[in-house]
file start04.txt (compact mmCIF, C-alpha atoms)
# COMPACT_ATOMS: atom_id res chain seq x y z
CA MET K 1290 -12.59 52.61 -37.09
CA ALA K 1291 -14.80 52.81 -34.04
CA THR K 1292 -18.17 54.57 -34.22
CA ASP K 1293 -19.11 57.49 -32.02
CA ARG K 1294 -21.45 55.21 -30.13
CA GLU K 1295 -18.71 52.69 -29.48
CA ASN K 1296 -16.43 55.46 -28.28
CA ALA K 1297 -19.12 56.84 -25.97
CA VAL K 1298 -19.56 53.36 -24.50
CA PHE K 1299 -15.80 52.92 -24.23
CA GLU K 1300 -15.33 56.21 -22.41
CA ALA K 1301 -18.13 55.50 -19.93
CA ALA K 1302 -16.66 52.13 -19.03
CA ILE K 1303 -13.15 53.51 -18.51
CA LYS K 1304 -14.47 55.83 -15.84
CA LEU K 1305 -16.42 53.11 -14.01
CA GLY K 1306 -13.39 50.82 -13.92
CA ALA K 1307 -11.25 53.72 -12.77
CA LEU K 1308 -13.43 55.04 -9.97
CA TYR K 1309 -13.93 51.57 -8.60
CA HIS K 1310 -10.25 50.70 -8.31
CA GLN K 1311 -9.07 54.17 -7.33
CA PHE K 1312 -11.27 54.49 -4.27
CA VAL K 1313 -12.01 50.99 -2.95
CA GLY K 1314 -10.24 50.71 0.41
CA THR K 1315 -10.79 54.32 1.46
CA PRO K 1316 -11.67 54.65 5.17
CA ILE K 1317 -15.27 55.85 5.35
CA SER K 1318 -18.22 56.29 7.70
CA ARG K 1319 -21.76 57.59 7.47
CA SER K 1320 -20.52 61.01 8.55
CA THR K 1321 -17.79 61.26 5.92
CA ALA K 1322 -19.52 59.49 3.03
CA GLU K 1323 -20.73 62.74 1.50
CA LYS K 1324 -17.20 64.10 1.22
CA VAL K 1325 -15.97 60.93 -0.43
CA GLU K 1326 -18.87 60.99 -2.88
CA ALA K 1327 -18.05 64.61 -3.73
CA ALA K 1328 -14.39 63.82 -4.31
CA ILE K 1329 -15.18 60.86 -6.56
CA GLU K 1330 -17.69 62.89 -8.57
CA SER K 1331 -15.24 65.78 -8.91
CA ALA K 1332 -12.51 63.41 -10.11
CA VAL K 1333 -14.68 61.69 -12.70
CA SER K 1334 -16.17 64.95 -13.97
CA LEU K 1335 -12.68 66.05 -15.06
CA GLN K 1336 -12.16 63.08 -17.32
CA PRO K 1337 -12.77 63.30 -21.08
CA TYR K 1338 -16.30 63.04 -22.58
CA VAL K 1339 -18.09 62.93 -19.21
CA THR K 1340 -21.35 64.91 -19.23
CA HIS K 1341 -22.78 63.65 -15.96
CA ILE K 1342 -21.67 61.60 -12.97
CA GLU K 1343 -23.55 60.70 -9.84
CA VAL K 1344 -22.08 58.56 -7.10
CA ARG K 1345 -24.10 57.30 -4.18
CA LEU K 1346 -22.51 55.14 -1.50
CA ASP K 1347 -24.75 52.86 0.54
CA ARG K 1348 -24.61 54.04 4.16
CA THR K 1349 -26.38 50.92 5.40
CA LEU K 1350 -23.26 48.89 4.58
CA MET K 1351 -20.94 51.20 6.49
CA ASN K 1352 -20.80 49.01 9.57
CA GLU K 1353 -18.33 49.96 12.20
CA ASN K 1354 -15.17 47.93 12.69
CA PRO K 1355 -13.66 47.77 16.22
CA PHE K 1356 -12.23 51.26 15.69
CA GLY K 1357 -15.56 52.77 14.70
CA TYR K 1358 -15.36 53.17 10.94
CA SER K 1359 -15.65 51.23 7.72
CA GLU K 1360 -13.88 50.92 4.39
CA LEU K 1361 -15.23 51.66 0.94
CA THR K 1362 -16.11 48.39 -0.81
CA GLY K 1363 -17.55 47.56 -4.20
CA ALA K 1364 -20.82 46.61 -2.55
CA MET K 1365 -21.43 50.21 -1.48
CA TYR K 1366 -21.32 51.75 -4.94
CA ASP K 1367 -24.24 53.02 -6.97
CA ALA K 1368 -22.80 55.19 -9.73
CA VAL K 1369 -24.39 56.42 -12.95
CA ILE K 1370 -22.31 58.05 -15.64
CA GLU K 1371 -23.16 59.74 -18.92
CA THR K 1372 -20.69 60.31 -21.71
CA LYS K 1373 -20.94 62.03 -25.09
CA PHE K 1374 -18.66 61.35 -28.03
CA GLY K 1375 -19.46 63.18 -31.25
CA ASP K 1376 -23.23 62.89 -31.52
CA ALA K 1377 -23.48 59.69 -29.55
CA VAL K 1378 -24.20 59.34 -25.86
CA CYS K 1379 -23.97 56.51 -23.36
CA ARG K 1380 -25.39 56.07 -19.91
CA ALA K 1381 -23.90 53.32 -17.77
CA GLN K 1382 -24.07 52.13 -14.19
CA LEU K 1383 -22.05 50.48 -11.46
CA LYS K 1384 -24.27 48.80 -8.90
CA TYR K 1385 -23.96 45.78 -6.63
CA GLU K 1386 -26.16 42.92 -7.84
CA ASN K 1387 -26.11 39.27 -6.80
CA GLY K 1388 -22.83 39.57 -4.96
CA TYR K 1389 -20.98 41.41 -7.71
CA PRO K 1390 -20.27 45.07 -8.45
CA MET K 1391 -21.94 44.92 -11.84
CA MET K 1392 -21.18 47.50 -14.50
CA LYS K 1393 -23.58 47.74 -17.40
CA ILE K 1394 -24.78 49.90 -20.25
CA LEU K 1395 -28.13 51.46 -19.39
CA ASP K 1396 -28.71 53.11 -22.76
CA MET G 1445 6.67 45.32 24.16
CA ALA G 1446 6.47 48.59 22.29
CA THR G 1447 6.31 51.88 24.19
CA ASP G 1448 3.51 54.39 23.82
CA ARG G 1449 5.86 56.65 21.92
CA GLU G 1450 6.78 53.88 19.49
CA ASN G 1451 3.11 53.13 18.96
CA ALA G 1452 2.30 56.78 18.35
CA VAL G 1453 5.07 56.90 15.74
CA PHE G 1454 3.89 53.62 14.23
CA GLU G 1455 0.30 54.83 13.91
CA ALA G 1456 1.29 58.13 12.30
CA ALA G 1457 3.38 56.38 9.68
CA ILE G 1458 0.65 53.90 8.78
CA LYS G 1459 -1.63 56.77 7.86
CA LEU G 1460 0.98 58.55 5.73
CA GLY G 1461 1.74 55.38 3.78
CA ALA G 1462 -1.96 54.73 3.41
CA LEU G 1463 -3.07 58.14 2.19
CA TYR G 1464 -0.25 58.28 -0.31
CA HIS G 1465 -1.04 54.98 -1.99
CA GLN G 1466 -4.81 55.24 -1.70
CA PHE G 1467 -5.13 58.53 -3.56
CA VAL G 1468 -2.17 58.85 -5.97
CA GLY G 1469 -3.61 58.66 -9.47
CA THR G 1470 -6.85 60.48 -8.68
CA PRO G 1471 -7.87 62.90 -11.47
CA ILE G 1472 -7.55 66.41 -10.05
CA SER G 1473 -7.46 70.10 -11.01
CA ARG G 1474 -7.12 73.39 -9.22
CA SER G 1475 -10.92 73.64 -9.08
CA THR G 1476 -11.43 70.20 -7.52
CA ALA G 1477 -8.35 70.04 -5.28
CA GLU G 1478 -10.25 71.27 -2.24
CA LYS G 1479 -12.76 68.42 -2.47
CA VAL G 1480 -10.01 65.85 -2.75
CA GLU G 1481 -8.19 67.36 0.24
CA ALA G 1482 -11.42 67.21 2.25
CA ALA G 1483 -12.00 63.58 1.33
CA ILE G 1484 -8.44 62.57 2.25
CA GLU G 1485 -8.64 64.40 5.57
CA SER G 1486 -12.02 62.87 6.36
CA ALA G 1487 -10.67 59.39 5.57
CA VAL G 1488 -7.57 59.75 7.71
CA SER G 1489 -9.44 61.32 10.61
CA LEU G 1490 -11.46 58.12 10.98
CA GLN G 1491 -8.40 55.95 11.52
CA PRO G 1492 -7.26 54.95 15.01
CA TYR G 1493 -5.21 57.32 17.22
CA VAL G 1494 -5.39 60.27 14.83
CA THR G 1495 -5.82 63.60 16.64
CA HIS G 1496 -5.12 65.92 13.72
CA ILE G 1497 -4.65 65.69 9.96
CA GLU G 1498 -4.05 68.45 7.47
CA VAL G 1499 -3.57 67.77 3.78
CA ARG G 1500 -2.53 70.45 1.33
CA LEU G 1501 -2.07 69.64 -2.36
CA ASP G 1502 0.21 71.89 -4.40
CA ARG G 1503 -1.93 73.60 -7.06
CA THR G 1504 1.11 74.88 -8.93
CA LEU G 1505 1.90 71.31 -9.97
CA MET G 1506 -1.60 70.66 -11.33
CA ASN G 1507 -0.66 71.30 -14.93
CA GLU G 1508 -3.24 70.50 -17.53
CA ASN G 1509 -2.85 67.44 -19.73
CA PRO G 1510 -4.36 67.57 -23.27
CA PHE G 1511 -7.79 66.98 -21.75
CA GLY G 1512 -7.50 69.84 -19.29
CA TYR G 1513 -6.82 68.19 -15.96
CA SER G 1514 -4.07 66.58 -13.92
CA GLU G 1515 -3.54 63.56 -11.72
CA LEU G 1516 -2.63 63.47 -8.05
CA THR G 1517 1.09 62.66 -7.68
CA GLY G 1518 3.37 62.28 -4.71
CA ALA G 1519 5.02 65.59 -5.56
CA MET G 1520 1.80 67.47 -4.76
CA TYR G 1521 1.43 66.30 -1.18
CA ASP G 1522 2.08 68.30 1.96
CA ALA G 1523 0.43 66.44 4.81
CA VAL G 1524 0.92 66.77 8.54
CA ILE G 1525 -0.55 64.22 10.94
CA GLU G 1526 -0.71 64.01 14.71
CA THR G 1527 -1.36 60.82 16.63
CA LYS G 1528 -1.77 60.05 20.30
CA PHE G 1529 -1.21 56.64 21.88
CA GLY G 1530 -1.56 56.45 25.64
CA ASP G 1531 0.26 59.54 26.86
CA ALA G 1532 2.59 59.79 23.88
CA VAL G 1533 2.08 61.88 20.79
CA CYS G 1534 3.72 62.01 17.39
CA ARG G 1535 3.66 64.62 14.66
CA ALA G 1536 4.83 63.51 11.23
CA GLN G 1537 4.89 64.89 7.72
CA LEU G 1538 4.74 63.87 4.09
CA LYS G 1539 6.32 66.47 1.83
CA TYR G 1540 8.16 66.40 -1.48
CA GLU G 1541 11.87 67.07 -1.00
CA ASN G 1542 14.73 66.56 -3.46
CA GLY G 1543 12.63 64.56 -5.86
CA TYR G 1544 11.11 62.26 -3.28
CA PRO G 1545 7.86 62.23 -1.30
CA MET G 1546 9.65 62.22 2.04
CA MET G 1547 7.87 61.08 5.17
CA LYS G 1548 9.47 61.99 8.47
CA ILE G 1549 8.89 62.38 12.17
CA LEU G 1550 8.60 66.06 13.10
CA ASP G 1551 8.37 65.55 16.83
CA MET R 1281 -30.53 47.02 -25.26
CA ALA R 1282 -26.82 47.04 -25.91
CA THR R 1283 -25.36 44.98 -28.75
CA ASP R 1284 -22.70 42.31 -28.25
CA ARG R 1285 -20.17 44.63 -29.86
CA GLU R 1286 -21.06 47.46 -27.49
CA ASN R 1287 -20.72 45.10 -24.56
CA ALA R 1288 -17.34 43.82 -25.78
CA VAL R 1289 -16.17 47.44 -26.05
CA PHE R 1290 -17.61 48.23 -22.62
CA GLU R 1291 -15.88 45.29 -20.97
CA ALA R 1292 -12.50 46.09 -22.52
CA ALA R 1293 -12.65 49.67 -21.29
CA ILE R 1294 -13.60 48.71 -17.74
CA LYS R 1295 -10.42 46.68 -17.46
CA LEU R 1296 -8.19 49.44 -18.82
CA GLY R 1297 -9.63 51.99 -16.39
CA ALA R 1298 -9.30 49.48 -13.58
CA LEU R 1299 -5.71 48.39 -14.15
CA TYR R 1300 -4.57 51.96 -14.51
CA HIS R 1301 -6.01 53.17 -11.23
CA GLN R 1302 -5.33 49.99 -9.27
CA PHE R 1303 -1.60 49.92 -9.88
CA VAL R 1304 -0.41 53.50 -10.48
CA GLY R 1305 1.79 54.41 -7.52
CA THR R 1306 3.30 50.94 -7.05
CA PRO R 1307 7.02 51.06 -6.21
CA ILE R 1308 8.86 49.59 -9.19
CA SER R 1309 12.29 49.23 -10.77
CA ARG R 1310 13.77 47.59 -13.85
CA SER R 1311 14.51 44.50 -11.79
CA THR R 1312 10.96 44.12 -10.44
CA ALA R 1313 8.98 45.29 -13.47
CA GLU R 1314 8.43 41.78 -14.73
CA LYS R 1315 6.76 40.70 -11.49
CA VAL R 1316 4.46 43.70 -11.54
CA GLU R 1317 3.53 43.04 -15.17
CA ALA R 1318 2.76 39.41 -14.29
CA ALA R 1319 0.56 40.45 -11.36
CA ILE R 1320 -1.38 42.97 -13.47
CA GLU R 1321 -1.90 40.46 -16.25
CA SER R 1322 -3.01 37.79 -13.79
CA ALA R 1323 -5.48 40.21 -12.20
CA VAL R 1324 -7.01 41.33 -15.49
CA SER R 1325 -7.20 37.81 -16.89
CA LEU R 1326 -9.60 36.88 -14.08
CA GLN R 1327 -12.13 39.54 -15.01
CA PRO R 1328 -15.19 38.72 -17.12
CA TYR R 1329 -15.01 38.44 -20.92
CA VAL R 1330 -11.23 38.87 -21.12
CA THR R 1331 -9.64 36.63 -23.76
CA HIS R 1332 -6.19 38.21 -23.83
CA ILE R 1333 -4.19 40.75 -21.86
CA GLU R 1334 -0.64 41.91 -22.36
CA VAL R 1335 0.95 44.54 -20.17
CA ARG R 1336 4.35 46.02 -20.93
CA LEU R 1337 5.85 48.68 -18.67
CA ASP R 1338 8.46 51.02 -20.15
CA ARG R 1339 11.75 50.39 -18.31
CA THR R 1340 13.36 53.48 -19.82
CA LEU R 1341 11.06 55.63 -17.66
CA MET R 1342 11.96 53.83 -14.44
CA ASN R 1343 14.46 56.43 -13.33
CA GLU R 1344 15.81 56.11 -9.85
CA ASN R 1345 14.68 58.45 -7.10
CA PRO R 1346 17.16 59.23 -4.28
CA PHE R 1347 16.37 55.85 -2.73
CA GLY R 1348 17.09 53.93 -5.92
CA TYR R 1349 13.68 53.01 -7.29
CA SER R 1350 10.75 54.44 -9.19
CA GLU R 1351 6.96 54.43 -9.04
CA LEU R 1352 4.54 53.09 -11.63
CA THR R 1353 3.07 56.00 -13.61
CA GLY R 1354 0.60 56.20 -16.46
CA ALA R 1355 3.42 57.10 -18.82
CA MET R 1356 4.96 53.64 -18.40
CA TYR R 1357 1.95 51.62 -19.56
CA ASP R 1358 1.52 49.84 -22.84
CA ALA R 1359 -1.36 47.43 -22.41
CA VAL R 1360 -3.44 45.62 -25.02
CA ILE R 1361 -6.61 43.80 -24.06
CA GLU R 1362 -9.02 41.61 -25.98
CA THR R 1363 -12.55 40.86 -24.88
CA LYS R 1364 -15.30 38.67 -26.29
CA PHE R 1365 -18.99 39.13 -25.59
CA GLY R 1366 -21.35 36.78 -27.41
CA ASP R 1367 -19.97 36.69 -30.95
CA ALA R 1368 -18.38 40.13 -30.79
CA VAL R 1369 -14.81 40.93 -29.92
CA CYS R 1370 -12.93 44.10 -29.05
CA ARG R 1371 -9.24 44.88 -28.92
CA ALA R 1372 -8.25 48.04 -27.07
CA GLN R 1373 -5.08 49.70 -25.87
CA LEU R 1374 -3.67 51.90 -23.15
CA LYS R 1375 -0.55 53.71 -24.28
CA TYR R 1376 1.06 57.04 -23.47
CA GLU R 1377 0.70 59.50 -26.36
CA ASN R 1378 1.30 63.23 -26.38
CA GLY R 1379 1.52 63.51 -22.65
CA TYR R 1380 -1.58 61.48 -21.90
CA PRO R 1381 -2.23 57.81 -21.05
CA MET R 1382 -4.55 57.33 -24.01
CA MET R 1383 -7.02 54.48 -24.07
CA LYS R 1384 -8.55 53.62 -27.42
CA ILE R 1385 -10.39 50.98 -29.38
CA LEU R 1386 -7.99 49.26 -31.82
CA ASP R 1387 -10.61 47.10 -33.51
CA MET D 613 15.14 64.54 16.93
CA ALA D 614 13.85 61.03 16.42
CA THR D 615 15.90 58.05 17.56
CA ASP D 616 17.01 55.28 15.22
CA ARG D 617 14.50 52.98 16.84
CA GLU D 618 11.67 55.46 16.26
CA ASN D 619 12.74 55.82 12.64
CA ALA D 620 12.88 52.04 12.15
CA VAL D 621 9.34 51.81 13.57
CA PHE D 622 8.22 54.72 11.40
CA GLU D 623 9.61 53.17 8.23
CA ALA D 624 8.03 49.78 8.90
CA ALA D 625 4.61 51.32 9.41
CA ILE D 626 4.79 53.41 6.23
CA LYS D 627 5.22 50.24 4.19
CA LEU D 628 2.33 48.43 5.88
CA GLY D 629 -0.04 51.34 5.29
CA ALA D 630 1.19 51.60 1.72
CA LEU D 631 0.90 47.98 0.69
CA TYR D 632 -2.55 47.72 2.18
CA HIS D 633 -4.00 50.67 0.30
CA GLN D 634 -2.09 50.12 -2.93
CA PHE D 635 -3.32 46.59 -3.52
CA VAL D 636 -6.72 46.19 -1.84
CA GLY D 637 -9.25 45.76 -4.64
CA THR D 638 -6.95 43.78 -6.95
CA PRO D 639 -8.79 40.92 -8.70
CA ILE D 640 -7.36 37.69 -7.32
CA SER D 641 -7.93 33.92 -7.12
CA ARG D 642 -6.18 30.94 -5.61
CA SER D 643 -4.36 30.40 -8.89
CA THR D 644 -3.05 33.95 -9.19
CA ALA D 645 -2.41 34.70 -5.51
CA GLU D 646 1.25 33.74 -5.75
CA LYS D 647 1.89 36.30 -8.48
CA VAL D 648 0.21 39.04 -6.50
CA GLU D 649 2.21 38.14 -3.39
CA ALA D 650 5.41 38.28 -5.46
CA ALA D 651 4.52 41.68 -6.88
CA ILE D 652 3.69 43.12 -3.45
CA GLU D 653 6.91 41.77 -1.97
CA SER D 654 8.96 43.10 -4.87
CA ALA D 655 7.37 46.53 -4.49
CA VAL D 656 7.95 46.76 -0.75
CA SER D 657 11.50 45.43 -0.98
CA LEU D 658 12.44 48.48 -3.07
CA GLN D 659 11.39 50.95 -0.41
CA PRO D 660 13.93 52.52 1.94
CA TYR D 661 15.22 50.71 5.05
CA VAL D 662 13.41 47.43 4.29
CA THR D 663 15.52 44.37 5.15
CA HIS D 664 12.80 41.74 4.85
CA ILE D 665 9.22 41.47 3.66
CA GLU D 666 6.96 38.47 3.52
CA VAL D 667 3.39 38.66 2.29
CA ARG D 668 0.99 35.76 2.56
CA LEU D 669 -2.59 36.08 1.31
CA ASP D 670 -5.22 33.77 2.79
CA ARG D 671 -6.50 31.52 -0.02
CA THR D 672 -9.39 30.27 2.10
CA LEU D 673 -10.99 33.71 1.84
CA MET D 674 -10.73 33.83 -1.95
CA ASN D 675 -14.29 32.79 -2.54
CA GLU D 676 -15.57 32.99 -6.07
CA ASN D 677 -17.96 35.72 -7.09
CA PRO D 678 -20.47 34.95 -9.90
CA PHE D 679 -17.65 35.46 -12.42
CA GLY D 680 -15.33 33.01 -10.72
CA TYR D 681 -12.78 35.16 -8.94
CA SER D 682 -12.31 37.27 -5.83
CA GLU D 683 -10.86 40.62 -4.84
CA LEU D 684 -7.98 41.31 -2.49
CA THR D 685 -9.33 42.47 0.87
CA GLY D 686 -7.73 43.49 4.11
CA ALA D 687 -8.91 40.25 5.70
CA MET D 688 -6.62 38.22 3.43
CA TYR D 689 -3.36 39.84 4.44
CA ASP D 690 -0.67 38.37 6.64
CA ALA D 691 2.45 40.46 6.11
CA VAL D 692 5.60 40.70 8.18
CA ILE D 693 8.15 43.42 7.53
CA GLU D 694 11.58 44.15 8.96
CA THR D 695 13.31 47.50 8.73
CA LYS D 696 16.71 48.74 9.83
CA PHE D 697 17.56 52.37 10.50
CA GLY D 698 21.06 53.07 11.78
CA ASP D 699 21.62 50.34 14.36
CA ALA D 700 17.97 49.88 15.20
CA VAL D 701 15.61 47.34 13.73
CA CYS D 702 11.85 46.88 13.79
CA ARG D 703 9.68 43.93 12.92
CA ALA D 704 5.99 44.62 12.37
CA GLN D 705 2.95 42.79 11.12
CA LEU D 706 -0.32 43.27 9.30
CA LYS D 707 -2.81 40.53 10.13
CA TYR D 708 -6.57 40.31 10.36
CA GLU D 709 -7.72 40.03 13.98
CA ASN D 710 -11.20 40.44 15.41
CA GLY D 711 -12.63 41.90 12.25
CA TYR D 712 -9.86 44.39 11.65
CA PRO D 713 -6.65 44.40 9.57
CA MET D 714 -4.44 45.04 12.59
CA MET D 715 -0.97 46.45 12.16
CA LYS D 716 1.36 46.15 15.13
CA ILE D 717 4.96 46.25 16.24
CA LEU D 718 6.24 42.72 16.88
CA ASP D 719 9.64 43.74 18.19
call {"tool": "encode", "arguments": {"input": "start04.txt", "output": "structure tokens"}}
result
Amino acid sequence: MATDRENAVFEAAIKLGALYHQFVGTPISRSTAEKVEAAIESAVSLQPYVTHIEVRLDRTLMNENPFGYSELTGAMYDAVIETKFGDAVCRAQLKYENGYPMMKILD
Amino acid sequence: MATDRENAVFEAAIKLGALYHQFVGTPISRSTAEKVEAAIESAVSLQPYVTHIEVRLDRTLMNENPFGYSELTGAMYDAVIETKFGDAVCRAQLKYENGYPMMKILD
Amino acid sequence: MATDRENAVFEAAIKLGALYHQFVGTPISRSTAEKVEAAIESAVSLQPYVTHIEVRLDRTLMNENPFGYSELTGAMYDAVIETKFGDAVCRAQLKYENGYPMMKILD
Amino acid sequence: MATDRENAVFEAAIKLGALYHQFVGTPISRSTAEKVEAAIESAVSLQPYVTHIEVRLDRTLMNENPFGYSELTGAMYDAVIETKFGDAVCRAQLKYENGYPMMKILD
């Protein structure tokens, strides 16, 4: 039987895996990034056990292709999520590090 | 060599296929639907040859699962797109009809 | 600092969230389900800390739309994953229960 | 009222937009690429009016991240689709050109 802490960790990770693979590939630009961030945050905030979600997409990586826009990639993500399960909480992050969209438990 | 009209049709259809498969599965509810619509519209509006995009998601289908939210499905979509290629234009739609998310050329 | 067990749990959940949102919406039928299962398993098996992945999609839910096929939904999934982090392992599952694609820690 | 040729063009483009946005982000490597190609082809072949689909993913771009795998990107795609609507046919392609995953009507 999993502990509350394990379940809080589990629930945080589900959401990071989900938001990554749901939205990678979305056409994006510096002028639309805020709307995409808002949509991702609104989607994650609906999911079970989420107490906080903050998604920031790196505008400096939104270089224009020949048609003047970019596409959401894993390298752009900086997301922090907090979950609560029973009395336990978990804070976790998705952030690009050393060429990889690293997800890790913060505390 | 494709005509301008064929290219306008081609470009409209690309975007309908894209928006469908990019966003189906997104957690959604009546209270967040507007943000998801805005994000989809902002994404499509960046793509080449798009002159107008309007996405409406059917709130009546956003029934709550045991955790109180829903998930974006093809049945919820009503999207109309307009593209322009050279002098030709195309207006096309994605709308659920007879159990299928039908995409068609309007004019 | 997270324990090995917490990290094993974390890694298992990332993959379940990811595979769900990557593949929901894929056109599918009873005759192609095996290829989609193989692709999902091959994708997940590449991800860090995965020691086993088994994905089974429920053919009985693959009802034909007017064009003779179906679309991968959360209700079809039965996936079991095993991860290993340091000396700790985690086995977790995605399976439809009571109208929800439930993800949980098995052990 | 759209012509058969316009509808054949329309149907081809839907599938290219769809397959792009459904599968971008999938974990992939040289050893699993064949399974992903097979799954994409099987998915597209189910969709209406498709008479042929061939998807080839560029292995030379599947460079290993720190965990030893890659992720399906638009740059990897070379897909050719054929559709038939009434008496009209369309052949179209998705292929990376000049920094963009270009979709175009071949004939």
call {"tool": "residues_around", "arguments": {"input": "start04.txt", "residues": "Arg703 (chain D)", "least_positions_apart": "2", "cutoff": "9 Å", "atoms": "all atoms listed in the file", "output": "PyMOL selection string"}}
result
chain D and resi 620-621+624+664+692-695+701+705+716-719
call {"tool": "atom_distance", "arguments": {"input": "start04.txt", "atom1": "CA of Asn1509 (chain G)", "atom2": "CA of Glu1481 (chain G)"}}
result
20.7 Å
call {"tool": "calpha_fit_and_write", "arguments": {"input": "start04.txt", "fixed": "chain K", "moving": "chain R", "output": "tab-separated table (two decimals) with C-alpha atoms, in the coordinates of the input"}}
result
chain	number	residue	atom	x	y	z
R	1281	MET	CA	-12.60	52.59	-37.08
R	1282	ALA	CA	-14.80	52.81	-34.03
R	1283	THR	CA	-18.17	54.57	-34.22
R	1284	ASP	CA	-19.12	57.51	-32.01
R	1285	ARG	CA	-21.47	55.22	-30.10
R	1286	GLU	CA	-18.70	52.68	-29.49
R	1287	ASN	CA	-16.44	55.46	-28.28
R	1288	ALA	CA	-19.13	56.85	-25.95
R	1289	VAL	CA	-19.56	53.34	-24.51
R	1290	PHE	CA	-15.79	52.93	-24.23
R	1291	GLU	CA	-15.34	56.21	-22.40
R	1292	ALA	CA	-18.13	55.50	-19.92
R	1293	ALA	CA	-16.65	52.14	-19.02
R	1294	ILE	CA	-13.14	53.50	-18.50
R	1295	LYS	CA	-14.47	55.83	-15.83
R	1296	LEU	CA	-16.42	53.11	-14.02
R	1297	GLY	CA	-13.38	50.82	-13.91
R	1298	ALA	CA	-11.24	53.72	-12.78
R	1299	LEU	CA	-13.42	55.03	-9.97
R	1300	TYR	CA	-13.92	51.56	-8.60
R	1301	HIS	CA	-10.25	50.71	-8.32
R	1302	GLN	CA	-9.08	54.18	-7.33
R	1303	PHE	CA	-11.27	54.50	-4.27
R	1304	VAL	CA	-12.01	50.99	-2.95
R	1305	GLY	CA	-10.24	50.71	0.41
R	1306	THR	CA	-10.79	54.33	1.46
R	1307	PRO	CA	-11.66	54.66	5.16
R	1308	ILE	CA	-15.27	55.85	5.34
R	1309	SER	CA	-18.22	56.29	7.68
R	1310	ARG	CA	-21.77	57.60	7.47
R	1311	SER	CA	-20.52	61.00	8.56
R	1312	THR	CA	-17.79	61.25	5.91
R	1313	ALA	CA	-19.53	59.49	3.02
R	1314	GLU	CA	-20.73	62.73	1.49
R	1315	LYS	CA	-17.20	64.10	1.22
R	1316	VAL	CA	-15.96	60.93	-0.43
R	1317	GLU	CA	-18.86	60.98	-2.90
R	1318	ALA	CA	-18.06	64.62	-3.73
R	1319	ALA	CA	-14.38	63.81	-4.31
R	1320	ILE	CA	-15.20	60.86	-6.58
R	1321	GLU	CA	-17.68	62.89	-8.58
R	1322	SER	CA	-15.23	65.77	-8.91
R	1323	ALA	CA	-12.51	63.39	-10.10
R	1324	VAL	CA	-14.68	61.69	-12.70
R	1325	SER	CA	-16.16	64.94	-13.97
R	1326	LEU	CA	-12.68	66.04	-15.05
R	1327	GLN	CA	-12.17	63.06	-17.33
R	1328	PRO	CA	-12.78	63.30	-21.08
R	1329	TYR	CA	-16.29	63.05	-22.57
R	1330	VAL	CA	-18.08	62.93	-19.22
R	1331	THR	CA	-21.34	64.91	-19.23
R	1332	HIS	CA	-22.78	63.65	-15.95
R	1333	ILE	CA	-21.66	61.60	-12.97
R	1334	GLU	CA	-23.56	60.70	-9.84
R	1335	VAL	CA	-22.07	58.56	-7.11
R	1336	ARG	CA	-24.11	57.30	-4.19
R	1337	LEU	CA	-22.51	55.13	-1.51
R	1338	ASP	CA	-24.76	52.85	0.53
R	1339	ARG	CA	-24.62	54.02	4.16
R	1340	THR	CA	-26.40	50.91	5.40
R	1341	LEU	CA	-23.27	48.89	4.57
R	1342	MET	CA	-20.94	51.20	6.48
R	1343	ASN	CA	-20.81	49.02	9.56
R	1344	GLU	CA	-18.32	49.95	12.20
R	1345	ASN	CA	-15.16	47.93	12.69
R	1346	PRO	CA	-13.65	47.79	16.21
R	1347	PHE	CA	-12.22	51.27	15.68
R	1348	GLY	CA	-15.56	52.77	14.70
R	1349	TYR	CA	-15.38	53.18	10.94
R	1350	SER	CA	-15.66	51.24	7.71
R	1351	GLU	CA	-13.87	50.93	4.39
R	1352	LEU	CA	-15.24	51.67	0.93
R	1353	THR	CA	-16.11	48.39	-0.81
R	1354	GLY	CA	-17.56	47.57	-4.20
R	1355	ALA	CA	-20.82	46.59	-2.55
R	1356	MET	CA	-21.43	50.20	-1.49
R	1357	TYR	CA	-21.33	51.76	-4.96
R	1358	ASP	CA	-24.23	53.01	-6.99
R	1359	ALA	CA	-22.80	55.19	-9.72
R	1360	VAL	CA	-24.38	56.42	-12.95
R	1361	ILE	CA	-22.30	58.07	-15.63
R	1362	GLU	CA	-23.15	59.74	-18.91
R	1363	THR	CA	-20.69	60.32	-21.71
R	1364	LYS	CA	-20.94	62.03	-25.08
R	1365	PHE	CA	-18.66	61.35	-28.02
R	1366	GLY	CA	-19.46	63.20	-31.23
R	1367	ASP	CA	-23.24	62.91	-31.51
R	1368	ALA	CA	-23.48	59.68	-29.53
R	1369	VAL	CA	-24.20	59.33	-25.86
R	1370	CYS	CA	-23.96	56.50	-23.36
R	1371	ARG	CA	-25.40	56.08	-19.89
R	1372	ALA	CA	-23.89	53.31	-17.77
R	1373	GLN	CA	-24.06	52.13	-14.19
R	1374	LEU	CA	-22.05	50.47	-11.47
R	1375	LYS	CA	-24.27	48.81	-8.90
R	1376	TYR	CA	-23.95	45.78	-6.64
R	1377	GLU	CA	-26.16	42.91	-7.84
R	1378	ASN	CA	-26.11	39.29	-6.78
R	1379	GLY	CA	-22.84	39.56	-4.96
R	1380	TYR	CA	-20.99	41.39	-7.71
R	1381	PRO	CA	-20.28	45.07	-8.45
R	1382	MET	CA	-21.95	44.92	-11.85
R	1383	MET	CA	-21.17	47.50	-14.49
R	1384	LYS	CA	-23.58	47.74	-17.40
R	1385	ILE	CA	-24.76	49.90	-20.25
R	1386	LEU	CA	-28.15	51.46	-19.38
R	1387	ASP	CA	-28.70	53.11	-22.75
